[in-house]
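*Asks:* Coordinates in run-v8.pdb, PDB, C-alpha atoms, are listed below.
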```
ATOM      1  CA  MET A   1     -31.182  41.135  31.674
ATOM      2  CA  ASN A   2     -33.727  42.009  34.371
ATOM      3  CA  SER A   3     -33.141  41.262  38.054
ATOM      4  CA  ASN A   4     -35.330  38.121  38.131
ATOM      5  CA  LYS A   5     -33.470  36.617  35.183
ATOM      6  CA  LYS A   6     -30.148  37.474  36.825
ATOM      7  CA  LYS A   7     -31.217  35.736  40.045
ATOM      8  CA  LEU A   8     -32.330  32.665  38.105
ATOM      9  CA  PHE A   9     -29.072  32.658  36.142
ATOM     10  CA  PHE A  10     -26.941  32.848  39.281
ATOM     11  CA  ARG A  11     -28.993  30.099  40.946
ATOM     12  CA  ILE A  12     -28.443  27.800  37.982
ATOM     13  CA  VAL A  13     -24.718  28.593  37.870
ATOM     14  CA  SER A  14     -24.412  28.061  41.631
ATOM     15  CA  SER A  15     -26.236  24.715  41.436
ATOM     16  CA  VAL A  16     -24.017  23.532  38.601
ATOM     17  CA  LEU A  17     -20.874  24.591  40.469
ATOM     18  CA  LEU A  18     -22.009  22.843  43.651
ATOM     19  CA  PHE A  19     -22.773  19.694  41.676
ATOM     20  CA  LEU A  20     -19.363  19.752  39.991
ATOM     21  CA  ILE A  21     -17.557  20.393  43.285
ATOM     22  CA  SER A  22     -19.415  17.592  45.072
ATOM     23  CA  THR A  23     -18.743  15.224  42.156
ATOM     24  CA  ILE A  24     -15.032  16.039  42.225
ATOM     25  CA  MET A  25     -14.942  15.569  46.008
ATOM     26  CA  LEU A  26     -16.724  12.229  45.729
ATOM     27  CA  ARG A  27     -14.350  11.013  43.044
ATOM     28  CA  ALA A  28     -11.339  12.150  45.054
ATOM     29  CA  GLN A  29     -12.237   9.936  48.012
ATOM     30  CA  ASN A  30     -10.753   6.490  48.358
ATOM     31  CA  ALA A  31     -12.502   3.481  49.811
ATOM     32  CA  LEU A  32     -12.321   2.810  53.555
ATOM     33  CA  VAL A  33     -12.339  -0.917  54.398
ATOM     34  CA  LEU A  34     -12.927  -1.976  58.010
ATOM     35  CA  GLN A  35     -11.861  -5.183  59.784
ATOM     36  CA  SER A  36     -12.144  -6.156  63.453
ATOM     37  CA  ASP A  37     -12.805  -8.927  65.947
ATOM     38  CA  PHE A  38     -15.829  -7.046  67.331
ATOM     39  CA  GLY A  39     -18.613  -9.050  65.697
ATOM     40  CA  THR A  40     -21.870  -7.276  64.871
ATOM     41  CA  LYS A  41     -23.976  -8.126  67.932
ATOM     42  CA  ASP A  42     -23.476  -4.706  69.499
ATOM     43  CA  GLY A  43     -22.818  -1.134  68.418
ATOM     44  CA  ALA A  44     -19.020  -1.197  68.114
ATOM     45  CA  VAL A  45     -18.829  -1.502  64.327
ATOM     46  CA  ALA A  46     -21.664   0.988  63.818
ATOM     47  CA  SER A  47     -19.808   3.442  66.067
ATOM     48  CA  MET A  48     -16.702   3.175  63.884
ATOM     49  CA  LYS A  49     -18.791   3.765  60.773
ATOM     50  CA  GLY A  50     -20.504   6.715  62.414
ATOM     51  CA  VAL A  51     -17.142   8.331  63.145
ATOM     52  CA  ALA A  52     -16.038   7.772  59.541
ATOM     53  CA  PHE A  53     -19.337   9.132  58.184
ATOM     54  CA  GLY A  54     -18.881  12.197  60.381
ATOM     55  CA  VAL A  55     -15.553  12.874  58.674
ATOM     56  CA  SER A  56     -17.177  12.693  55.235
ATOM     57  CA  PRO A  57     -20.749  11.664  54.362
ATOM     58  CA  GLN A  58     -19.554  10.842  50.826
ATOM     59  CA  LEU A  59     -16.893   8.390  51.996
ATOM     60  CA  PRO A  60     -17.398   4.868  50.569
ATOM     61  CA  ILE A  61     -17.159   2.496  53.564
ATOM     62  CA  PHE A  62     -16.925  -1.289  53.251
ATOM     63  CA  ASP A  63     -16.504  -4.234  55.608
ATOM     64  CA  LEU A  64     -13.744  -6.774  55.131
ATOM     65  CA  THR A  65     -14.937  -8.829  58.111
ATOM     66  CA  HIS A  66     -15.785  -8.299  61.762
ATOM     67  CA  GLU A  67     -15.737 -12.016  62.530
ATOM     68  CA  ILE A  68     -12.013 -12.419  63.247
ATOM     69  CA  PRO A  69     -11.832 -14.699  66.326
ATOM     70  CA  ALA A  70     -11.305 -12.632  69.474
ATOM     71  CA  PHE A  71      -7.667 -11.492  69.854
ATOM     72  CA  ASP A  72      -6.506 -13.510  66.788
ATOM     73  CA  ILE A  73      -3.980 -11.055  65.365
ATOM     74  CA  TRP A  74      -2.553 -13.637  62.965
ATOM     75  CA  GLN A  75      -5.910 -14.231  61.270
ATOM     76  CA  ALA A  76      -6.364 -10.476  60.898
ATOM     77  CA  ALA A  77      -2.972 -10.358  59.192
ATOM     78  CA  TYR A  78      -3.983 -13.131  56.799
ATOM     79  CA  ARG A  79      -7.342 -11.565  55.867
ATOM     80  CA  LEU A  80      -5.625  -8.314  54.942
ATOM     81  CA  GLN A  81      -3.184 -10.136  52.689
ATOM     82  CA  GLN A  82      -5.993 -12.195  51.162
ATOM     83  CA  THR A  83      -8.102  -9.152  50.344
ATOM     84  CA  ALA A  84      -5.909  -6.105  49.695
ATOM     85  CA  PRO A  85      -4.583  -7.027  46.215
ATOM     86  CA  TYR A  86      -8.130  -6.920  44.817
ATOM     87  CA  TRP A  87      -8.664  -3.288  45.891
ATOM     88  CA  PRO A  88      -7.318  -0.290  43.957
ATOM     89  CA  ALA A  89      -4.305   1.714  45.054
ATOM     90  CA  GLY A  90      -5.281   4.395  47.534
ATOM     91  CA  THR A  91      -7.675   2.145  49.462
ATOM     92  CA  VAL A  92      -7.379   2.611  53.223
ATOM     93  CA  PHE A  93      -7.747  -0.487  55.413
ATOM     94  CA  VAL A  94      -8.494  -0.137  59.122
ATOM     95  CA  SER A  95      -7.800  -3.335  61.062
ATOM     96  CA  VAL A  96      -8.581  -3.475  64.766
ATOM     97  CA  VAL A  97      -7.621  -6.676  66.558
ATOM     98  CA  ASP A  98      -5.983  -5.087  69.523
ATOM     99  CA  PRO A  99      -5.615  -7.075  72.765
ATOM    100  CA  GLY A 100      -2.985  -4.521  73.843
ATOM    101  CA  VAL A 101      -5.337  -1.533  73.513
ATOM    102  CA  GLY A 102      -4.356   1.264  75.861
ATOM    103  CA  THR A 103      -0.779   0.021  76.318
ATOM    104  CA  ASN A 104       2.376   1.477  74.784
ATOM    105  CA  ARG A 105       2.076  -0.491  71.523
ATOM    106  CA  LYS A 106       2.307   1.892  68.563
ATOM    107  CA  SER A 107      -0.601   2.993  66.408
ATOM    108  CA  VAL A 108       0.623   3.260  62.835
ATOM    109  CA  VAL A 109      -0.280   3.703  59.197
ATOM    110  CA  LEU A 110       1.664   1.564  56.730
ATOM    111  CA  LYS A 111       1.880   2.625  53.086
ATOM    112  CA  THR A 112       2.799  -0.283  50.848
ATOM    113  CA  ASN A 113       4.598  -0.242  47.504
ATOM    114  CA  SER A 114       1.251  -1.114  45.924
ATOM    115  CA  GLY A 115      -0.170   2.223  47.094
ATOM    116  CA  HIS A 116      -2.487   0.809  49.790
ATOM    117  CA  TYR A 117      -2.716   2.173  53.335
ATOM    118  CA  PHE A 118      -3.166   0.091  56.496
ATOM    119  CA  VAL A 119      -4.225   1.679  59.797
ATOM    120  CA  SER A 120      -3.603  -0.636  62.720
ATOM    121  CA  PRO A 121      -1.820  -1.263  65.983
ATOM    122  CA  ASP A 122       1.741  -2.382  65.253
ATOM    123  CA  ASN A 123       1.226  -5.782  66.879
ATOM    124  CA  GLY A 124       1.824  -8.222  64.019
ATOM    125  CA  THR A 125      -1.320  -7.398  62.038
ATOM    126  CA  LEU A 126       0.794  -5.947  59.229
ATOM    127  CA  THR A 127       3.192  -8.894  58.912
ATOM    128  CA  LEU A 128       1.885 -10.418  55.695
ATOM    129  CA  VAL A 129       0.912  -7.293  53.723
ATOM    130  CA  ALA A 130       4.317  -5.791  54.513
ATOM    131  CA  GLU A 131       5.992  -8.880  53.070
ATOM    132  CA  SER A 132       3.745  -9.369  50.053
ATOM    133  CA  LEU A 133       3.109  -5.734  49.049
ATOM    134  CA  GLY A 134       6.327  -4.135  50.334
ATOM    135  CA  ILE A 135       6.869  -1.200  52.683
ATOM    136  CA  THR A 136       7.059   2.311  51.263
ATOM    137  CA  ALA A 137       6.810   4.085  54.624
ATOM    138  CA  VAL A 138       5.452   3.778  58.155
ATOM    139  CA  ARG A 139       4.085   6.685  60.185
ATOM    140  CA  GLN A 140       3.035   6.681  63.833
ATOM    141  CA  ILE A 141      -0.370   8.248  64.365
ATOM    142  CA  ASP A 142      -0.126  11.633  66.065
ATOM    143  CA  GLU A 143      -3.101  11.417  68.422
ATOM    144  CA  LYS A 144      -2.927  15.120  69.250
ATOM    145  CA  ARG A 145      -4.002  15.811  65.658
ATOM    146  CA  ASN A 146      -5.682  12.571  64.621
ATOM    147  CA  ARG A 147      -7.971  11.474  67.407
ATOM    148  CA  ARG A 148     -11.718  11.974  67.774
ATOM    149  CA  ALA A 149     -12.540  15.069  69.783
ATOM    150  CA  ASP A 150     -13.405  14.587  73.478
ATOM    151  CA  SER A 151     -12.294  10.941  73.465
ATOM    152  CA  TRP A 152      -9.317  11.205  75.800
ATOM    153  CA  GLN A 153     -11.232   9.680  78.691
ATOM    154  CA  SER A 154     -11.624   6.441  76.692
ATOM    155  CA  HIS A 155      -8.662   4.055  76.801
ATOM    156  CA  THR A 156     -10.223   0.874  75.373
ATOM    157  CA  PHE A 157     -11.793   1.828  72.020
ATOM    158  CA  HIS A 158      -8.994   3.135  69.823
ATOM    159  CA  GLY A 159     -10.718   1.433  66.887
ATOM    160  CA  ARG A 160     -13.375   4.129  67.054
ATOM    161  CA  ASP A 161     -11.434   7.054  68.482
ATOM    162  CA  VAL A 162      -8.120   6.748  66.621
ATOM    163  CA  TYR A 163      -8.111   4.170  63.814
ATOM    164  CA  ALA A 164     -11.511   4.733  62.156
ATOM    165  CA  PHE A 165     -11.098   8.505  62.591
ATOM    166  CA  THR A 166      -7.588   8.617  61.111
ATOM    167  CA  GLY A 167      -8.426   6.132  58.359
ATOM    168  CA  ALA A 168     -11.490   8.124  57.314
ATOM    169  CA  LYS A 169      -9.540  11.399  57.234
ATOM    170  CA  LEU A 170      -6.853   9.778  55.076
ATOM    171  CA  ALA A 171      -9.324   8.107  52.692
ATOM    172  CA  ALA A 172     -11.404  11.280  52.359
ATOM    173  CA  GLY A 173      -8.364  13.430  51.629
ATOM    174  CA  VAL A 174      -8.864  15.541  54.757
ATOM    175  CA  ILE A 175      -5.245  14.749  55.663
ATOM    176  CA  THR A 176      -2.300  13.574  53.597
ATOM    177  CA  PHE A 177      -0.167  10.609  54.548
ATOM    178  CA  ALA A 178       2.502  13.046  55.785
ATOM    179  CA  GLU A 179      -0.065  14.540  58.171
ATOM    180  CA  VAL A 180      -0.766  11.196  59.854
ATOM    181  CA  GLY A 181       2.213  11.660  62.160
ATOM    182  CA  PRO A 182       5.976  11.274  62.436
ATOM    183  CA  LEU A 183       7.831   9.060  59.992
ATOM    184  CA  GLN A 184       9.200   5.833  61.496
ATOM    185  CA  LEU A 185      11.819   3.385  60.297
ATOM    186  CA  PRO A 186      10.355   1.347  57.407
ATOM    187  CA  GLU A 187       9.775  -1.608  59.725
ATOM    188  CA  ILE A 188       6.834  -3.201  61.538
ATOM    189  CA  PHE A 189       6.521  -5.910  64.187
ATOM    190  CA  LYS A 190       6.380  -9.282  62.418
ATOM    191  CA  PHE A 191       5.325 -12.766  63.415
ATOM    192  CA  ALA A 192       7.864 -15.557  62.881
ATOM    193  CA  TYR A 193       6.419 -18.390  60.792
ATOM    194  CA  GLN A 194       7.497 -21.095  58.345
ATOM    195  CA  LYS A 195       8.164 -19.635  54.901
ATOM    196  CA  PRO A 196       7.546 -21.922  51.900
ATOM    197  CA  GLU A 197      10.639 -23.896  50.908
ATOM    198  CA  PHE A 198      11.665 -26.837  48.753
ATOM    199  CA  HIS A 199      14.847 -28.738  49.491
ATOM    200  CA  ASP A 200      16.028 -32.350  49.648
ATOM    201  CA  GLY A 201      12.847 -33.476  47.890
ATOM    202  CA  LYS A 202      10.624 -31.995  50.612
ATOM    203  CA  LEU A 203       8.121 -29.116  50.499
ATOM    204  CA  ILE A 204       7.736 -27.168  53.738
ATOM    205  CA  GLY A 205       5.270 -24.408  54.510
ATOM    206  CA  ASN A 206       2.895 -22.777  56.932
ATOM    207  CA  ILE A 207      -0.851 -23.287  57.485
ATOM    208  CA  PRO A 208      -1.944 -19.638  57.643
ATOM    209  CA  ILE A 209      -5.713 -20.195  57.629
ATOM    210  CA  LEU A 210      -8.497 -22.745  57.339
ATOM    211  CA  ASP A 211     -11.294 -22.581  54.807
ATOM    212  CA  VAL A 212     -13.713 -22.000  57.658
ATOM    213  CA  GLN A 213     -16.873 -23.087  55.880
ATOM    214  CA  TYR A 214     -15.571 -26.489  54.808
ATOM    215  CA  GLY A 215     -12.587 -27.274  57.031
ATOM    216  CA  ASN A 216     -10.063 -27.376  54.209
ATOM    217  CA  VAL A 217      -6.453 -26.683  55.205
ATOM    218  CA  TRP A 218      -4.806 -23.871  53.239
ATOM    219  CA  THR A 219      -1.035 -23.495  53.025
ATOM    220  CA  ASN A 220       1.307 -20.719  51.922
ATOM    221  CA  ILE A 221       2.923 -22.994  49.294
ATOM    222  CA  ASP A 222       1.972 -21.501  45.948
ATOM    223  CA  SER A 223       1.614 -23.208  42.590
ATOM    224  CA  SER A 224       4.887 -21.769  41.271
ATOM    225  CA  LEU A 225       6.803 -23.571  44.029
ATOM    226  CA  LEU A 226       4.954 -26.780  43.158
ATOM    227  CA  SER A 227       6.129 -26.388  39.579
ATOM    228  CA  ARG A 228       9.723 -25.713  40.631
ATOM    229  CA  ALA A 229       9.566 -28.835  42.771
ATOM    230  CA  GLY A 230       8.408 -30.819  39.736
ATOM    231  CA  LEU A 231       5.163 -31.918  41.414
ATOM    232  CA  LYS A 232       2.392 -32.542  38.901
ATOM    233  CA  LYS A 233      -1.249 -33.554  39.051
ATOM    234  CA  GLY A 234      -1.791 -37.238  39.703
ATOM    235  CA  ILE A 235       1.189 -37.866  42.005
ATOM    236  CA  ARG A 236       0.737 -38.999  45.603
ATOM    237  CA  LEU A 237       2.367 -37.253  48.518
ATOM    238  CA  ASN A 238       3.064 -38.033  52.135
ATOM    239  CA  VAL A 239       1.682 -35.170  54.247
ATOM    240  CA  LEU A 240       2.882 -34.365  57.771
ATOM    241  CA  ILE A 241       1.368 -31.565  59.890
ATOM    242  CA  HIS A 242       2.893 -30.101  63.059
ATOM    243  CA  ASN A 243       1.757 -27.618  65.687
ATOM    244  CA  LYS A 244       5.091 -26.278  66.905
ATOM    245  CA  ASP A 245       7.050 -29.513  67.493
ATOM    246  CA  LYS A 246       4.028 -31.760  68.002
ATOM    247  CA  LYS A 247       2.998 -34.043  65.138
ATOM    248  CA  MET A 248      -0.738 -33.683  64.614
ATOM    249  CA  CYS A 249      -1.397 -35.688  61.485
ATOM    250  CA  GLU A 250       0.299 -37.881  58.847
ATOM    251  CA  ILE A 251      -1.575 -39.064  55.764
ATOM    252  CA  GLU A 252      -1.162 -39.803  52.052
ATOM    253  CA  ALA A 253      -3.076 -37.857  49.417
ATOM    254  CA  PRO A 254      -3.070 -37.371  45.621
ATOM    255  CA  LEU A 255      -2.564 -33.987  43.969
ATOM    256  CA  VAL A 256      -5.708 -33.379  41.884
ATOM    257  CA  SER A 257      -7.598 -30.553  40.172
ATOM    258  CA  THR A 258     -11.069 -31.078  41.658
ATOM    259  CA  PHE A 259     -12.618 -32.615  44.755
ATOM    260  CA  ALA A 260     -14.683 -35.084  42.714
ATOM    261  CA  GLU A 261     -11.541 -36.872  41.485
ATOM    262  CA  VAL A 262     -11.476 -38.868  44.744
ATOM    263  CA  PRO A 263     -14.260 -40.753  46.576
ATOM    264  CA  GLN A 264     -16.255 -38.953  49.272
ATOM    265  CA  GLY A 265     -14.352 -38.750  52.568
ATOM    266  CA  THR A 266     -10.969 -39.312  50.883
ATOM    267  CA  PRO A 267      -8.002 -36.942  51.417
ATOM    268  CA  LEU A 268      -6.807 -34.865  48.482
ATOM    269  CA  LEU A 269      -4.399 -32.027  47.698
ATOM    270  CA  TYR A 270      -5.444 -29.228  45.336
ATOM    271  CA  VAL A 271      -4.573 -25.648  44.404
ATOM    272  CA  ASN A 272      -7.142 -23.269  45.908
ATOM    273  CA  SER A 273      -8.651 -20.077  44.474
ATOM    274  CA  LEU A 274      -5.654 -18.030  45.661
ATOM    275  CA  GLY A 275      -3.200 -20.314  43.866
ATOM    276  CA  ASP A 276      -1.978 -22.031  47.055
ATOM    277  CA  LEU A 277      -1.675 -25.730  47.833
ATOM    278  CA  SER A 278      -4.484 -26.964  50.091
ATOM    279  CA  LEU A 279      -5.575 -30.166  51.786
ATOM    280  CA  ALA A 280      -9.136 -31.454  52.080
ATOM    281  CA  LEU A 281     -11.491 -34.377  52.499
ATOM    282  CA  ASN A 282     -13.985 -34.631  49.662
ATOM    283  CA  MET A 283     -17.331 -33.412  51.092
ATOM    284  CA  GLU A 284     -16.084 -33.711  54.688
ATOM    285  CA  ASN A 285     -14.250 -31.495  57.179
ATOM    286  CA  PHE A 286     -10.502 -32.250  57.254
ATOM    287  CA  ALA A 287      -9.618 -29.803  60.044
ATOM    288  CA  GLU A 288     -12.344 -31.128  62.307
ATOM    289  CA  LYS A 289     -11.520 -34.794  61.727
ATOM    290  CA  TYR A 290      -7.764 -34.408  62.312
ATOM    291  CA  LYS A 291      -7.922 -31.557  64.883
ATOM    292  CA  ILE A 292      -5.949 -29.151  62.673
ATOM    293  CA  GLY A 293      -5.670 -25.421  63.378
ATOM    294  CA  SER A 294      -3.899 -22.534  61.710
ATOM    295  CA  GLY A 295      -1.538 -19.702  62.534
ATOM    296  CA  ALA A 296       2.135 -18.939  62.874
ATOM    297  CA  ASP A 297       2.837 -22.130  64.868
ATOM    298  CA  TRP A 298       1.336 -24.554  62.333
ATOM    299  CA  SER A 299       3.498 -26.124  59.603
ATOM    300  CA  ILE A 300       3.170 -28.730  56.882
ATOM    301  CA  GLU A 301       5.687 -31.014  55.140
ATOM    302  CA  LEU A 302       5.096 -32.880  51.902
ATOM    303  CA  ARG A 303       7.177 -35.467  50.082
ATOM    304  CA  GLU A 304       6.382 -37.312  46.859
ATOM    305  CA  ILE A 305       5.721 -41.044  47.259
ATOM    306  CA  LYS A 306       7.649 -42.883  44.554
TER     307      LYS A 306
END
```
Just dump the structure as structure tokens.
*Replies:*
Amino acid sequence: MNSNKKKLFFRIVSSVLLFLISTIMLRAQNALVLQSDFGTKDGAVASMKGVAFGVSPQLPIFDLTHEIPAFDIWQAAYRLQQTAPYWPAGTVFVSVVDPGVGTNRKSVVLKTNSGHYFVSPDNGTLTLVAESLGITAVRQIDEKRNRRADSWQSHTFHGRDVYAFTGAKLAAGVITFAEVGPLQLPEIFKFAYQKPEFHDGKLIGNIPILDVQYGNVWTNIDSSLLSRAGLKKGIRLNVLIHNKDKKMCEIEAPLVSTFAEVPQGTPLLYVNSLGDLSLALNMENFAEKYKIGSGADWSIELREIK
């Protein structure tokens, strides 16, 4: 084989090897999913993505949402729980709703029993995924190793300098979970809220979120609890809603399958797309009409009308 043929051969082999290596690297990377209360009117979200892209240009980066209401840690917690089960194991979620940025609150990575990772301040954001997906381990982020270079002068943008950077390194396989930082007790800070219960003929639950587009009221009472309570389609229920100890609303509504089973503007109860009991007005906004909100302090009680 003459020298020109040898050069061509080695070029072809080198190209094939580079292609195979890059393909393997691309396949080895997990998705990075970003959530914040930053909105998209300025460069904050793009800065986080730029940091992640700098870690690995092949990293698949997605948005969960950046429209969490400002400082609403509870809603961030709910959106993680709502979304995470539909992503494969190994996905890394970065959630930045951090009114305590720069204080002594911990920056952590939670690994759940489902194999997902959550990078966040330990301020309640992880409450619901910890409960629903289980805690395998919690590590505190070691900022000496896992912080963007030359960012020490910044005390108010850990989403960019710590969380997006650490999350991208973890998703890209640049670091292992063990290299995030020191292992903590398998615990996180949790919000107190009303868990779903059925006793003495009464269903009790929390209102974790509103269906923001339509004003429907979603609860954490799932369809299996409805079945255990013996509540079937067609029955009518008395519905009572509280914000802390203040009664906000009391109505009657039937349990139906679709909105069109009641006249327009009429209250109804239905099981939503997540399998949870929800309250609505057909083609109107229930939350707006009755001044209903959501969060850890909101609760709902239901009793069958016989």
*Asks:* Would you write out, as a list of chain:residue names, every residue that the PyMOL selection byres ((chain A and resi 111) around 7) captures in this file?
*Replies:* A:Val109, A:Leu110, A:Thr112, A:Asn113, A:Gly115, A:His116, A:Tyr117, A:Phe118, A:Ile135, A:Thr136, A:Ala137, A:Val138
*Asks:* Using only C-alpha atoms, please write the residues we just selected to a file, as a PDB file, keeping the file's coordinate frame.
*Replies:*
```pdb
ATOM      1  CA  VAL A 109      -0.280   3.703  59.197  1.00  0.00           C
ATOM      2  CA  LEU A 110       1.664   1.564  56.730  1.00  0.00           C
ATOM      3  CA  THR A 112       2.799  -0.283  50.848  1.00  0.00           C
ATOM      4  CA  ASN A 113       4.598  -0.242  47.504  1.00  0.00           C
ATOM      5  CA  GLY A 115      -0.170   2.223  47.094  1.00  0.00           C
ATOM      6  CA  HIS A 116      -2.487   0.809  49.790  1.00  0.00           C
ATOM      7  CA  TYR A 117      -2.716   2.173  53.335  1.00  0.00           C
ATOM      8  CA  PHE A 118      -3.166   0.091  56.496  1.00  0.00           C
ATOM      9  CA  ILE A 135       6.869  -1.200  52.683  1.00  0.00           C
ATOM     10  CA  THR A 136       7.059   2.311  51.263  1.00  0.00           C
ATOM     11  CA  ALA A 137       6.810   4.085  54.624  1.00  0.00           C
ATOM     12  CA  VAL A 138       5.452   3.778  58.155  1.00  0.00           C
TER      13      VAL A 138
END
```
*Asks:* So which one's closest to Val129 of chain A, A:Lys190, A:Arg147, A:Arg105, A:Lys246? Using all atoms listed in the file, please.
*Replies:*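 Once distances to Val129 of chain A are computed over all atoms listed in the file, the minimum belongs to A:Lys190.
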*Asks:* To test your reading of the syntax: which residues would the PyMOL selection byres ((chain A and resi 245) around 12) return for the file shown? Reply as a VMD selection string.
*Replies:* chain A and resid 240 to 244 246 to 248 297 to 300
*Asks:* The PyMOL selection byres ((chain A and resi 276) around 12) on the file shown: which residues, as a ChimeraX atom specification?
*Replies:* /A:82,196,205-209,217-227,269-275,277-279
*Asks:* As an exercise, work out the distance from atom CA of Thr156 of chain A to atom CA of Glu67 of chain A in Å and give it to one decimal place.
*Replies:* 19.0 Å
*Asks:* Out of A:Asp200, A:Glu261, A:Glu131, A:Glu179, which residue has the shortest atom-to-atom distance to Arg145 of chain A when counting all atoms listed in the file?
*Replies:* A:Glu179
*Asks:* Just checking: using all atoms listed in the file, which residue out of A:Gly134, A:Pro99, A:Gly159, A:Pro88 ends up closest to Ser120 of chain A?
*Replies:*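 Counting all atoms listed in the file, the residue closest to Ser120 of chain A is A:Gly159.
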*Asks:* Return the single residue from A:Ser36, A:Ile73, A:Thr91, A:Val97 that is closest to Ser114 of chain A, with distances computed using all atoms listed in the file.
*Replies:*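 Closest to Ser114 of chain A of all the choices is A:Thr91.
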*Asks:* Return the single residue from A:Leu170, A:Leu203, A:Leu126, A:Cys249 that is closest to Ala76 of chain A, with distances computed using all atoms listed in the file.
*Replies:*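 Distance minimum relative to Ala76 of chain A lands on A:Leu126.
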*Asks:* Taking all atoms of segment 215-229 of chain A that the file lists, what box with edges along x, y and z, padded by 8 Å per side, do you get, with centre and edge lengths in Å to one decimal, as AutoDock Vina command-line options?
*Replies:*
```
--center_x -1.4 --center_y -24.8 --center_z 48.3 --size_x 38.3 --size_y 24.1 --size_z 33.5
```
*Asks:* What gap, in Å, lies between atom CA of Pro267 of chain A and atom CA of His199 of chain A?
*Replies:*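 So the answer is 24.4 Å.
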*Asks:* Grab the atom CA of Pro57 of chain A to atom CA of Arg148 of chain A distance for me, in Å with one decimal place.
*Replies:*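 Atom CA of Arg148 of chain A lies at a distance of 16.2 Å from atom CA of Pro57 of chain A.
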*Asks:* Generate N, CA and C atoms for segment 166-182 of chain A and emit them as a tab-separated table (two decimals), in the coordinates of the input.
*Replies:*
```tsv
chain	number	residue	atom	x	y	z
A	166	THR	N	-8.76	8.32	61.95
A	166	THR	CA	-7.59	8.62	61.11
A	166	THR	C	-7.75	8.02	59.72
A	167	GLY	N	-8.23	6.78	59.66
A	167	GLY	CA	-8.43	6.13	58.36
A	167	GLY	C	-9.40	6.89	57.49
A	168	ALA	N	-10.50	7.37	58.08
A	168	ALA	CA	-11.49	8.12	57.31
A	168	ALA	C	-10.91	9.45	56.81
A	169	LYS	N	-10.16	10.14	57.65
A	169	LYS	CA	-9.54	11.40	57.23
A	169	LYS	C	-8.57	11.17	56.08
A	170	LEU	N	-7.82	10.09	56.14
A	170	LEU	CA	-6.85	9.78	55.08
A	170	LEU	C	-7.57	9.41	53.78
A	171	ALA	N	-8.59	8.54	53.88
A	171	ALA	CA	-9.32	8.11	52.69
A	171	ALA	C	-10.08	9.27	52.05
A	172	ALA	N	-10.61	10.16	52.88
A	172	ALA	CA	-11.40	11.28	52.36
A	172	ALA	C	-10.54	12.42	51.85
A	173	GLY	N	-9.24	12.35	52.07
A	173	GLY	CA	-8.36	13.43	51.63
A	173	GLY	C	-8.35	14.62	52.56
A	174	VAL	N	-8.90	14.46	53.76
A	174	VAL	CA	-8.86	15.54	54.76
A	174	VAL	C	-7.44	15.77	55.24
A	175	ILE	N	-6.67	14.65	55.35
A	175	ILE	CA	-5.24	14.75	55.66
A	175	ILE	C	-4.46	13.98	54.61
A	176	THR	N	-3.20	14.34	54.44
A	176	THR	CA	-2.30	13.57	53.60
A	176	THR	C	-1.61	12.52	54.45
A	177	PHE	N	-0.92	11.62	53.81
A	177	PHE	CA	-0.17	10.61	54.55
A	177	PHE	C	0.87	11.27	55.45
A	178	ALA	N	1.49	12.34	54.98
A	178	ALA	CA	2.50	13.05	55.78
A	178	ALA	C	1.90	13.64	57.05
A	179	GLU	N	0.60	13.93	57.02
A	179	GLU	CA	-0.06	14.54	58.17
A	179	GLU	C	-0.57	13.52	59.18
A	180	VAL	N	-0.38	12.24	58.90
A	180	VAL	CA	-0.77	11.20	59.85
A	180	VAL	C	0.03	11.34	61.14
A	181	GLY	N	1.34	11.57	61.00
A	181	GLY	CA	2.21	11.66	62.16
A	181	GLY	C	3.65	11.45	61.76
A	182	PRO	N	4.55	11.34	62.73
A	182	PRO	CA	5.98	11.27	62.44
A	182	PRO	C	6.37	10.00	61.68
```
